[in-house]
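Below is one structure, written out as structure tokens, with a few remarks after it.
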There are 4 protein chains.
Amino acid sequence: MDSNDLPHVKQIELKKAMSVDELLREMGASGVFGAGKLAKAADIFTAMVKDAECVTFLGVAGALVPGGMRNILIDIVNLGYADVVVTTGAILTHDMVEALGHRHYQGSEHANDQELFDAGFDRMYDSYMPNKAYGDIEHFFSSHYAELKDITTIRALLLKIGQLLPGKSLLGACAQNNIPLFSPALADSGIGLMMYNLIAAHKPIAAKAFDDLPEMINLAWGKKCGVVYLGGGVPKNFIQQAMQFAGGASYGIQITTDRPEAGGSSGAELKEGISWGKLHNDAMHVTVPCDVTIALPLIVAAAKSRL
Amino acid sequence: MDSNDLPHVKQIELKKAMSVDELLREMGASGVFGAGKLAKAADIFTAMVKDAECVTFLGVAGALVPGGMRNILIDIVNLGYADVVVTTGAILTHDMVEALGHRHYQGSEHANDQELFDAGFDRMYDSYMPNKAYGDIEHFFSSHYAELKDITTIRALLLKIGQLLPGKSLLGACAQNNIPLFSPALADSGIGLMMYNLIAAHKPIAAKAFDDLPEMINLAWGKKCGVVYLGGGVPKNFIQQAMQFAGGASYGIQITTDRPEAGGSSGAELKEGISWGKLHNDAMHVTVPCDVTIALPLIVAAAKSRL
Amino acid sequence: MDSNDLPHVKQIELKKAMSVDELLREMGASGVFGAGKLAKAADIFTAMVKDAECVTFLGVAGALVPGGMRNILIDIVNLGYADVVVTTGAILTHDMVEALGHRHYQGSEHANDQELFDAGFDRMYDSYMPNKAYGDIEHFFSSHYAELKDITTIRALLLKIGQLLPGKSLLGACAQNNIPLFSPALADSGIGLMMYNLIAAHKPIAAKAFDDLPEMINLAWGKKCGVVYLGGGVPKNFIQQAMQFAGGASYGIQITTDRPEAGGSSGAELKEGISWGKLHNDAMHVTVPCDVTIALPLIVAAAKSRL
Amino acid sequence: MDSNDLPHVKQIELKKAMSVDELLREMGASGVFGAGKLAKAADIFTAMVKDAECVTFLGVAGALVPGGMRNILIDIVNLGYADVVVTTGAILTHDMVEALGHRHYQGSEHANDQELFDAGFDRMYDSYMPNKAYGDIEHFFSSHYAELKDITTIRALLLKIGQLLPGKSLLGACAQNNIPLFSPALADSGIGLMMYNLIAAHKPIAAKAFDDLPEMINLAWGKKCGVVYLGGGVPKNFIQQAMQFAGGASYGIQITTDRPEAGGSSGAELKEGISWGKLHNDAMHVTVPCDVTIALPLIVAAAKSRL
């Protein structure tokens, strides 16, 4: 090994009115630590979107809607940056909260939680959701029960919800753009509790537990795939298991503050997926150890300039 | 405030052949930082198990079976330390792997993942699973298809699997002890892929997506409850949402290395649950920022001595 | 409490060719999680630099020069964004490495470290320093021994080094701009080892261990102060202890991935400093849990646009 | 590769009244994730203490005295488990606080810091120090000024303080056992501020900045060495740079919650030291990502049983 074989760390130069894209290029030229990984993620994201053959799977976990990322997620779908979306139930519940006219609020992680309870705010770190929003979600589901009750997959249920939901939403954007939206653990969410309310009132819901799998796996089967993981949890793992049927993803980005050492899937480095056949050995991939609310806007703003 | 109002930090004294229980008592007397939280978790765990009124919910996520925690989990069920168990699908898949005679192996986080793929090992940080184990799981499900196909809840499906599975297992222990076992995201796991295989072969599986919710919520409804979270993910959140129907848990322990700042449920401090009505304002509770494979054996070993 | 009392979380809007400053304003309007903290840090940084009364102390730890932050640090000094600088010895050693014509290189955290040793590269995560650089540093100190040997404070020693060092450097920028530069643990660094070489060759170095303290404390005494901590360690703590003589800092920013729960100073939230008299109770302050190589360029790029 | 080549993960078995040593042996047989690393650390610690040739260097950073670890550190010195000790100034300041009859107190990380300030308590996460303790430290130094003023190294200054300090202390234990104790950044601590008080009152302190280096490096030169790092900071780095003169440490343990990705020395994996010549390529070594107050008592309790 020789220093001529290695790119040097370019010291980053800042300038007035610098664009996000320019800054990420500087970070890419520096090439190390968090900045290097973030820049690489932006490059890989652009590459997978540009690659006409590539089917891009987006996994979304964490309180990203209360965290201000909702319009970026909707942009990703509307601009064609993702071909398949998998989320937690909470992401979709929060999306409905805002679609139905409620907002999240800026609070404090040091708040008195009993006072918040008394005032009707549900805290997620320093973001608050007004508890009364659930009333409107409940009304949505009770008034649309007839249209939802016989649907046998969660994916089709979400498509119908997206079609029925007023205003701008992630659910609606997926429906309008024919982007398959999955949420295999939907029972574990505010939306799940609405289904419970119906079932407890003797209004059955036909959706089945495993019947989304054939469509999900067919979307990956034999394709050149890219994966983008915002957080871990079920969305990451559900996409990862489909990647085995693609012969491994060709592009991969993961943004998370979860740690790998304890062995769980959410914090696991993408590289580990090579052993499982979930990632090609020669895939472009990077794990960015960063808060999604910092990294995602940077990556997508750069992509908007580049694409 | 006055120093007489505050317990002092007792400097921990170690001795030869000290028991885990004695060490945790010393840590409790020191009372601060990680040691203080770990000792508090052991005290709360003992208190909730001793409380005859308390229904204890155990949420289990992460690669705990590849991490050597399987017998501890089985012990918790067999000794009556938990009344309801919720896990990821991966926990149960790994449990089946070992029940069917396979083992996990000690490897390295610096391994060459392509070599592992070629050799048939799936890596989880520094623990390896032999890929061939899936063949036996597939055989289990295809040979028991008739007994599983018409079951309409995941919880009942898991009970049946636990009854059918040979040898010692977490699935079996729950079945034998009448401990309800839930895994609402079971589709997202190796077991889920086995269901996919059956469905793809035109062998339908009747299990429904939301029909576990009534039993889960009834288990909490109006009860004095305790919660123990090993990692976060769906198991934590699924129990948390049930706690709203209990008027908030009275005891709470969470062990995780996930961080709270990014806002997601997995890293959220238990305290935040007070705002949601998921935790009593006067509950005994603690969040231990530690690897579960370190903290759990200490807590359960102390409990075995104390109970 | 009422939702009218609370600002709502504005969902971030991205646009093509967006500037860093514009993005940080969007993040500030979202106001929560990491993005909210980052935006707040940019606002506080701008406020403390604009405040003509405020003496700004910059503490710098970690491998920021191998991480591409060298020109940003030099900019901060040249643009008058900091009035006092405190660093680890490593920061200054790496600064000399580049001033003397060497570079750092982009490598891999998965490298074979024995191969790197054989090839003469010192690894810091995924950045490499050519070991031969030390030869030039040694030559610098042996040839300038006469000018350095009788200097009795580390701060004056660093001023002289800054005056003697060729080319652009952080040491030189501080010297040229009359910005006091401290490095109280300089013995603990490559520069320290050069001092060892001289001392071992019977060439004494007069610098004393505690004689920087009067100047450092006088810089804070009775002043309105601001603090900016990039990482923790000695630079943070050395500034923090001076803040007690200022009656507590009025502005505070800390960027670190260190954790608070284990109790150490490096990961401690700034808020804790209120109990010590190191931070005003009404100070503007924020702790950003982020890699410095991501957060610092964003904050300084925004400041360049705003100032 | 074949499963016969790899040890399997033994599922941990717990029993009533289990000793810490027995539990760590179970964790060693499981061999993976945090438990595996912790057990390995206990094994390496025992091995380096047993190795009569090995010079063991202990680096200590973080609020370990307010965290209840003081008697364990004193035990390590009294039992001959360490041959050289390097600490931050804070460790020694807190050691003096307790030696002079004060205690630390169990508080809360959610405390009102202004109330603590008013009540005279300095907060370190959830441990409080009574601010009045500084008065006694100041008295100690002013009354012993004559014995300290002409000492030219920090190491000799600490030896003298250890001889003068009443009661049981880490400083005293090092003095009594002839264990060299270094604290190269002593100016950056409460003790440093006492030196400042003297200097500001025209009472000079002779200690020099770099004159500890020859003794420190001679202690390592050409020796078989072991390193134990509790936290990072100056103590780790000061020992690491000496290891280059030993041809690299033969044994290494690091316990920290700091992260490697941002590139700083405190979070860097020990493995990286191989590239620098600070660690032998064939050294037994492990980095345990854990709170020191949890891991250290376990490791030392096991060592007490084994040695």
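In the structure tokens, chains take letters A, B, ... by order of appearance, with residues numbered from 1 within each chain and ligands from 1 in the order shown.
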key: Close residues, Asn281 (chain B) itself excluded, 12 Å, only C-alpha atoms, min 2 positions apart in chain, as a list in words   = Asn112, Asp113, Gln114, Glu115, Leu116, Phe117 and Asp118 of chain A; Gly247, Gly248, Ala249, Ser250, Tyr251, Gly252, Leu270, Lys271, Glu272, Gly273, Ile274, Ser275, Trp276, Gly277, Lys278, Leu279, Ala283, Met284 and His285 of chain B
request  = Pick out the residues sitting within 7 Å of region 298-304 of chain A, and hand them over as an NGL selection string; count only C-alpha atoms, and ignore anything fewer than 4 positions along from it in its own chain.
outcome  = (:A and (20-21 or 42 or 46 or 294)) or (:C and (14-16 or 18))
Chain B contacts on chain A, only C-alpha atoms, 7 Å, as a PyMOL selection string = chain A and resi 62-63+113-114+116-117+121-125+184-185+187-188+192+195-196+200+206-210+213-214+233-234+237-238+257-265+268+272+274-277+281+291
task = List every residue of region 18-259 of chain A that DSSP, applied to the backbone of this structure, places in strand (DSSP E or B), and write the result as an MDAnalysis selection string.
result = chainID A and resid 19 55:60 84:87 105:106 121:124 127:130 181:182 208 225:230 249:255
